[in-house]
Amino acid sequence: MVPLRLLTAVFGIATVLVTVFATPSSAAVFNSESFVLKNGMQVVVIPNRRAPVVAHMVWYKTGAADEPRGKSGIAHFFEHLMFKGTKLVPPGEFSKIIARHGGSDNAFTAQDYTAYFQTVARDKLGLVMRLEADRMRNLVLTDAEVLPERDVVLEERRSRTDNNPSSQLWEASRAALFLNHPYKIPVIGWKHEIEQLTTNDALDFYRRYYVPNNAILIVAGDVDAKELKPLAEKYYGVIPRGRKIVRNRITEPPHRAGRRVEMASRRVGQPSISQTYLASSYATAKGNQAYALLVLAEIFGGGTTAQLYRSLVVDQGIASNAGAWFSADALDYGRFGLSASPRPGVSLEKVEAALQAEVKKLLKDGVSEKEIKRAVKSMMASAVYARDSLRVAPNIIGRALSTGRTIADVESWPDRIKAVTVDEVNAAARAIFRTETSVTAILRKKQKVGTD
Amino acid sequence: MKNLLPKFWANVVKLPLWGMLCLIAAPSYAIDIKEVRSPGGIKAWLVQDKSIPVISVNFAFKTGGTAYDPVGKEGLARMVSAMLDEGAGDLKSQDFQTQLQDTAARLSFSASTDKFRGSFRTLTANKDEAFRLFGLALNKPRFDGKPVDRIKGQIIVSIQRSAQDPDTIGTRAWYKAVFPNHPYGRPGDGTVESIKTLVAKDLNDFMLRHVVLDSLIVAVAGDISSAELARRLDQIFGTLPASGDTKKIAEIAPAAAGKTIVIDRKIPQSIVMFGHSGLKRNHPDWYIASVMNRIFGGGGFSSRLMEEIREKRGLAYGVYSYLNPYDHAALYMGSVATANSRVAESLKVVRAEWKKMAEKGVTAKELAAAKTYINGSFPLRLDSTRRIASLLLAVQVNNLGKDYLDKRPSLINAVTLGGIKRVAQKLLRPEALTVVIVGQPKGIKPRP
């Protein structure tokens, strides 16, 4: 999950995105158009004339994984600071101006990108473009605004992680999966480093990364490229190009030993287990592997009719839940995960053994043509549902473009999924299910009173 | 684990659903609502939209929420909502789920405090098969022993998990204190003990009592014509029992006014919930209170609570207030989460704002901004057939009338400074707030 400046306003979007998490739809479906401004800013338009409404987003191809060493959390903290005012707009006024014009706005940060968005009536598009372009170059930051906001971020971290044992374990699991790559650091940052972030850190980050050649404008809704282009040139086109930004991230060394992280807390109501395997992402996978892994996740653990649920929950009756997921949207590494919770009275060890037995069985027997057909059919349907909302398309395209993919990649998504073969899925399974590139995370319930 | 959204925030968003309705204002474009009546006499509201090959159906039964769970059978309504896609007609659980997946239909049920609800979506291409499965789930659920046991296990796991969750702990304690000896004060998910007692007969009895025609409300949006919908309504709902046997829930006013309850949990951040009585959805002052709440604590970064607690002092990531009306009670509530050392300061600010609003009301500038937002933001919410169906359902559930969308802006524009002052004075009583804190707050004196 991606930290947001404020959770409530976008809860709806988050829910929608989860349902299409693994299934972006194609541009052929979205019918997007794209062009590049003279200063290097990419522009994407996704016309959708159902209502006189537009969703306006600016994505920066910079996220937590681009932070300087020791400054963890600066990307997300800075996202908050983008609301702290410019020469034209007083601190805290940005969202109020949008609201006064009947619109809503928010922002979010992830490992590879940071995005800002507004949803407004179409006649307010110029206004939000002016405001968003203004804060790309004219942000004013002072300690008086920055320091209280750092406290807000620390409270956000307490809410998300420090108050919640399963989030703490998840953080540890991620840190263990990556030995070297910055994906090991949580997006919100480590507490001791957030506490030390300064106004100067924020300004350095701003000057380096908040430039048009590192940004993507995406507008979806009641507008087309012909209407948008002059506005984009007027508001964003005048901003000078910044330094060239090369995303040259450090990489993982070979993994020789599997990892286990365990945590026991009195505040755990139910034990659970998760296993995360290092994988390729859309951007780094060879051939069709990322698509094959998506199909595999659907067949193996995509719901209540998938193999893991059917075996562990329905047939054996030892787990209350079991599933698999694949996170493919990443500039560098993808992650493939399994998770399960034991039924009351069943040990974690038993569930872990059953999970591993399913993996072994999968590697031995492979998947069938029939299973692939069913999974693909269901994934194609998700692509149609994705078109039902104005806000899904810009999110899918923004994520793709900021993680090293192209619109053509997004466009060919349904075709690439349909092309996945039995051999590809089985080969992908063999490639990722290796103990030495995995982390097993165990959450236990601590019975004793007194410690925590 | 993919979704790390704390449950608390999810609640904050879900609870004020009816409160949000006040934010719905007239669109600058028309939404054409048709009232469809089936040959069998079942009514539904429809907004037809052929631009995407998707059909969304939202429906509710007027009773059957968690408040109607029999004593000792708490959690029954939620259990039914989890069981209705676990086999129906000749199809056992896995067969039903497999067919549902193969049609790519999305079917889900839920129980709020007062009502039993459901939502259904299908691609136009698969609609025959999807509607058939939908009708089967509603009319002929199997409630077989094995899936009943499996779902009971899942619910028990989820109850045990949330029993350690500070937000759930706080919510439970707050409702228990405010609604003692009333169905609203009981846990809607049930308890481990109550779930263990549930058997197929309980589920079947629930269906006969609540999933009945005279209690049904239906809203549809998407790629379907009136004529076809009329036919489908009979197909899906036509064979449900005409009426059920429903006990009445007693009206209740919140108790525990002025109490402060601290629940000790070793966590770095305290969860604070506060509230007192509010207004029901049909109260004549509803719109005034809604506009006031937008300015007070319901407007995200535009609200006073957010300004004072987050923006000026950095005390919390979020602070909210909301009108929370039920069928038989009404609440005005709020919440904040802050480091243990800063709870006292946060509560002091909340109470001061409560008092200030009660004494002085709002400014003309605040009122104007709130009105523009409320009236302007409406069309932005209707960006999918699911959201449109959900709105149509809410308008019907609250008896707001088919012309509600047209009337809405004038109801909001009629709110005056004087009106808000009058309502705020009556509604906001800082001394009456019931406060529940989960954590280890410093400098707070419990007043149990």
# chains A, B, ... in the order shown; residues from 1 in each chain; ligands from 1
call {"tool": "interface_residues", "arguments": {"of": "chain B", "to": "chain A", "cutoff": "6 Å", "atoms": "only C-alpha atoms", "output": "list in words"}}
result
Asn3, Leu4, Ala104, Gln154, Gln160, Arg161, Gln164, Ile267, Ser302, Arg313, Gly314, Ala316, Tyr317, Ala369, Thr372, Tyr373, Gly376, Ser377, Asp383 and Ser384 of chain B
call {"tool": "select_by_dssp", "arguments": {"residues": "region 65-308 of chain B", "states": "alpha helix (DSSP H)", "output": "PyMOL selection string"}}
result
chain B and resi 76-83+93-102+127-139+145-162+166-178+192-197+200-210+226-237+286-293+304-305
call {"tool": "atom_distance", "arguments": {"atom1": "CA of Phe83 (chain A)", "atom2": "CA of Gly70 (chain A)"}}
result
24.1 Å
call {"tool": "select_by_dssp", "arguments": {"residues": "region 35-161 of chain B", "states": "strand (DSSP E or B)", "output": "ChimeraX atom specification"}}
result
/B:35-37,43-48,54-64,88,91,106-111,115-123,141
call {"tool": "write_last_selection", "arguments": {"atoms": "N, CA and C atoms", "output": "mmCIF file, in the first residue's frame"}}
result
data_model
loop_
_atom_site.group_PDB
_atom_site.id
_atom_site.type_symbol
_atom_site.label_atom_id
_atom_site.label_comp_id
_atom_site.auth_asym_id
_atom_site.auth_seq_id
_atom_site.Cartn_x
_atom_site.Cartn_y
_atom_site.Cartn_z
ATOM 1 N N GLU B 35 -38.109 4.775 -13.427
ATOM 2 C CA GLU B 35 -38.646 3.836 -12.464
ATOM 3 C C GLU B 35 -39.222 2.646 -13.227
ATOM 4 N N VAL B 36 -38.677 1.477 -12.943
ATOM 5 C CA VAL B 36 -39.089 0.278 -13.682
ATOM 6 C C VAL B 36 -39.951 -0.580 -12.763
ATOM 7 N N ARG B 37 -41.044 -1.101 -13.325
ATOM 8 C CA ARG B 37 -41.878 -2.021 -12.532
ATOM 9 C C ARG B 37 -42.003 -3.330 -13.289
ATOM 10 N N LYS B 43 -40.321 -3.135 -8.022
ATOM 11 C CA LYS B 43 -39.874 -1.840 -8.534
ATOM 12 C C LYS B 43 -38.347 -1.705 -8.455
ATOM 13 N N ALA B 44 -37.809 -0.928 -9.398
ATOM 14 C CA ALA B 44 -36.374 -0.621 -9.333
ATOM 15 C C ALA B 44 -36.138 0.723 -10.008
ATOM 16 N N TRP B 45 -35.100 1.402 -9.594
ATOM 17 C CA TRP B 45 -34.666 2.622 -10.301
ATOM 18 C C TRP B 45 -33.518 2.251 -11.223
ATOM 19 N N LEU B 46 -33.552 2.859 -12.411
ATOM 20 C CA LEU B 46 -32.543 2.519 -13.418
ATOM 21 C C LEU B 46 -31.954 3.767 -14.058
ATOM 22 N N VAL B 47 -30.635 3.790 -14.182
ATOM 23 C CA VAL B 47 -29.971 4.755 -15.058
ATOM 24 C C VAL B 47 -29.287 3.928 -16.141
ATOM 25 N N GLN B 48 -29.803 4.044 -17.355
ATOM 26 C CA GLN B 48 -29.259 3.241 -18.447
ATOM 27 C C GLN B 48 -28.050 3.951 -19.047
ATOM 28 N N VAL B 54 -21.273 -3.108 -19.067
ATOM 29 C CA VAL B 54 -21.312 -3.562 -17.678
ATOM 30 C C VAL B 54 -22.673 -3.212 -17.081
ATOM 31 N N ILE B 55 -23.205 -4.086 -16.246
ATOM 32 C CA ILE B 55 -24.456 -3.807 -15.532
ATOM 33 C C ILE B 55 -24.172 -3.910 -14.031
ATOM 34 N N SER B 56 -24.564 -2.876 -13.282
ATOM 35 C CA SER B 56 -24.380 -2.888 -11.829
ATOM 36 C C SER B 56 -25.738 -2.847 -11.140
ATOM 37 N N VAL B 57 -25.943 -3.751 -10.190
ATOM 38 C CA VAL B 57 -27.189 -3.791 -9.425
ATOM 39 C C VAL B 57 -26.838 -3.669 -7.941
ATOM 40 N N ASN B 58 -27.445 -2.685 -7.262
ATOM 41 C CA ASN B 58 -27.300 -2.607 -5.809
ATOM 42 C C ASN B 58 -28.683 -2.784 -5.197
ATOM 43 N N PHE B 59 -28.760 -3.517 -4.115
ATOM 44 C CA PHE B 59 -30.063 -3.726 -3.503
ATOM 45 C C PHE B 59 -29.939 -3.789 -1.989
ATOM 46 N N ALA B 60 -31.057 -3.526 -1.321
ATOM 47 C CA ALA B 60 -31.062 -3.570 0.139
ATOM 48 C C ALA B 60 -32.388 -4.122 0.621
ATOM 49 N N PHE B 61 -32.356 -4.765 1.774
ATOM 50 C CA PHE B 61 -33.577 -5.138 2.481
ATOM 51 C C PHE B 61 -33.648 -4.261 3.718
ATOM 52 N N LYS B 62 -34.850 -3.692 3.954
ATOM 53 C CA LYS B 62 -34.948 -2.621 4.951
ATOM 54 C C LYS B 62 -34.582 -3.068 6.362
ATOM 55 N N THR B 63 -34.714 -4.358 6.631
ATOM 56 C CA THR B 63 -34.267 -4.853 7.939
ATOM 57 C C THR B 63 -33.208 -5.918 7.680
ATOM 58 N N GLY B 64 -32.768 -6.559 8.757
ATOM 59 C CA GLY B 64 -31.809 -7.642 8.560
ATOM 60 C C GLY B 64 -30.367 -7.217 8.760
ATOM 61 N N ALA B 88 -25.766 -22.892 -4.081
ATOM 62 C CA ALA B 88 -27.196 -22.621 -4.211
ATOM 63 C C ALA B 88 -27.789 -23.586 -5.230
ATOM 64 N N LEU B 91 -26.019 -26.532 -7.079
ATOM 65 C CA LEU B 91 -24.574 -26.275 -7.122
ATOM 66 C C LEU B 91 -23.989 -26.190 -5.721
ATOM 67 N N ARG B 106 -19.567 -10.378 -10.362
ATOM 68 C CA ARG B 106 -19.132 -10.017 -9.019
ATOM 69 C C ARG B 106 -20.376 -9.923 -8.143
ATOM 70 N N LEU B 107 -20.429 -10.774 -7.133
ATOM 71 C CA LEU B 107 -21.614 -10.810 -6.278
ATOM 72 C C LEU B 107 -21.162 -10.722 -4.834
ATOM 73 N N SER B 108 -21.711 -9.751 -4.083
ATOM 74 C CA SER B 108 -21.339 -9.696 -2.677
ATOM 75 C C SER B 108 -22.508 -9.209 -1.838
ATOM 76 N N PHE B 109 -22.520 -9.631 -0.586
ATOM 77 C CA PHE B 109 -23.568 -9.246 0.349
ATOM 78 C C PHE B 109 -22.916 -8.651 1.578
ATOM 79 N N SER B 110 -23.667 -7.802 2.287
ATOM 80 C CA SER B 110 -23.116 -7.225 3.504
ATOM 81 C C SER B 110 -24.251 -6.862 4.449
ATOM 82 N N ALA B 111 -23.915 -6.770 5.727
ATOM 83 C CA ALA B 111 -24.910 -6.351 6.711
ATOM 84 C C ALA B 111 -24.399 -5.121 7.413
ATOM 85 N N LYS B 115 -29.493 -2.574 7.954
ATOM 86 C CA LYS B 115 -29.974 -3.187 6.711
ATOM 87 C C LYS B 115 -29.100 -4.347 6.227
ATOM 88 N N PHE B 116 -29.732 -5.179 5.411
ATOM 89 C CA PHE B 116 -28.992 -6.235 4.730
ATOM 90 C C PHE B 116 -28.878 -5.812 3.267
ATOM 91 N N ARG B 117 -27.685 -5.870 2.708
ATOM 92 C CA ARG B 117 -27.455 -5.308 1.382
ATOM 93 C C ARG B 117 -26.737 -6.271 0.468
ATOM 94 N N GLY B 118 -26.748 -5.926 -0.813
ATOM 95 C CA GLY B 118 -25.959 -6.700 -1.746
ATOM 96 C C GLY B 118 -25.590 -5.882 -2.960
ATOM 97 N N SER B 119 -24.571 -6.326 -3.664
ATOM 98 C CA SER B 119 -24.258 -5.679 -4.933
ATOM 99 C C SER B 119 -23.808 -6.745 -5.926
ATOM 100 N N PHE B 120 -24.119 -6.467 -7.177
ATOM 101 C CA PHE B 120 -23.918 -7.456 -8.230
ATOM 102 C C PHE B 120 -23.457 -6.707 -9.467
ATOM 103 N N ARG B 121 -22.463 -7.260 -10.150
ATOM 104 C CA ARG B 121 -22.035 -6.677 -11.432
ATOM 105 C C ARG B 121 -21.803 -7.786 -12.426
ATOM 106 N N THR B 122 -22.129 -7.513 -13.657
ATOM 107 C CA THR B 122 -21.820 -8.482 -14.698
ATOM 108 C C THR B 122 -21.443 -7.765 -15.982
ATOM 109 N N LEU B 123 -20.687 -8.445 -16.810
ATOM 110 C CA LEU B 123 -20.455 -7.971 -18.170
ATOM 111 C C LEU B 123 -21.715 -8.281 -18.968
ATOM 112 N N PRO B 141 -30.215 -20.624 -1.437
ATOM 113 C CA PRO B 141 -28.906 -20.891 -0.829
ATOM 114 C C PRO B 141 -28.931 -22.248 -0.139
#
call {"tool": "residues_around", "arguments": {"residues": "region 428-433 of chain A", "least_positions_apart": "4", "cutoff": "12 Å", "atoms": "only C-alpha atoms", "output": "ChimeraX atom specification"}}
result
/A:258,275-281,285-297,299-300,326,333-338,355-356,358-367,420-424,437-439
call {"tool": "atom_distance", "arguments": {"atom1": "CA of Arg207 (chain A)", "atom2": "CA of Val89 (chain A)"}}
result
18.8 Å
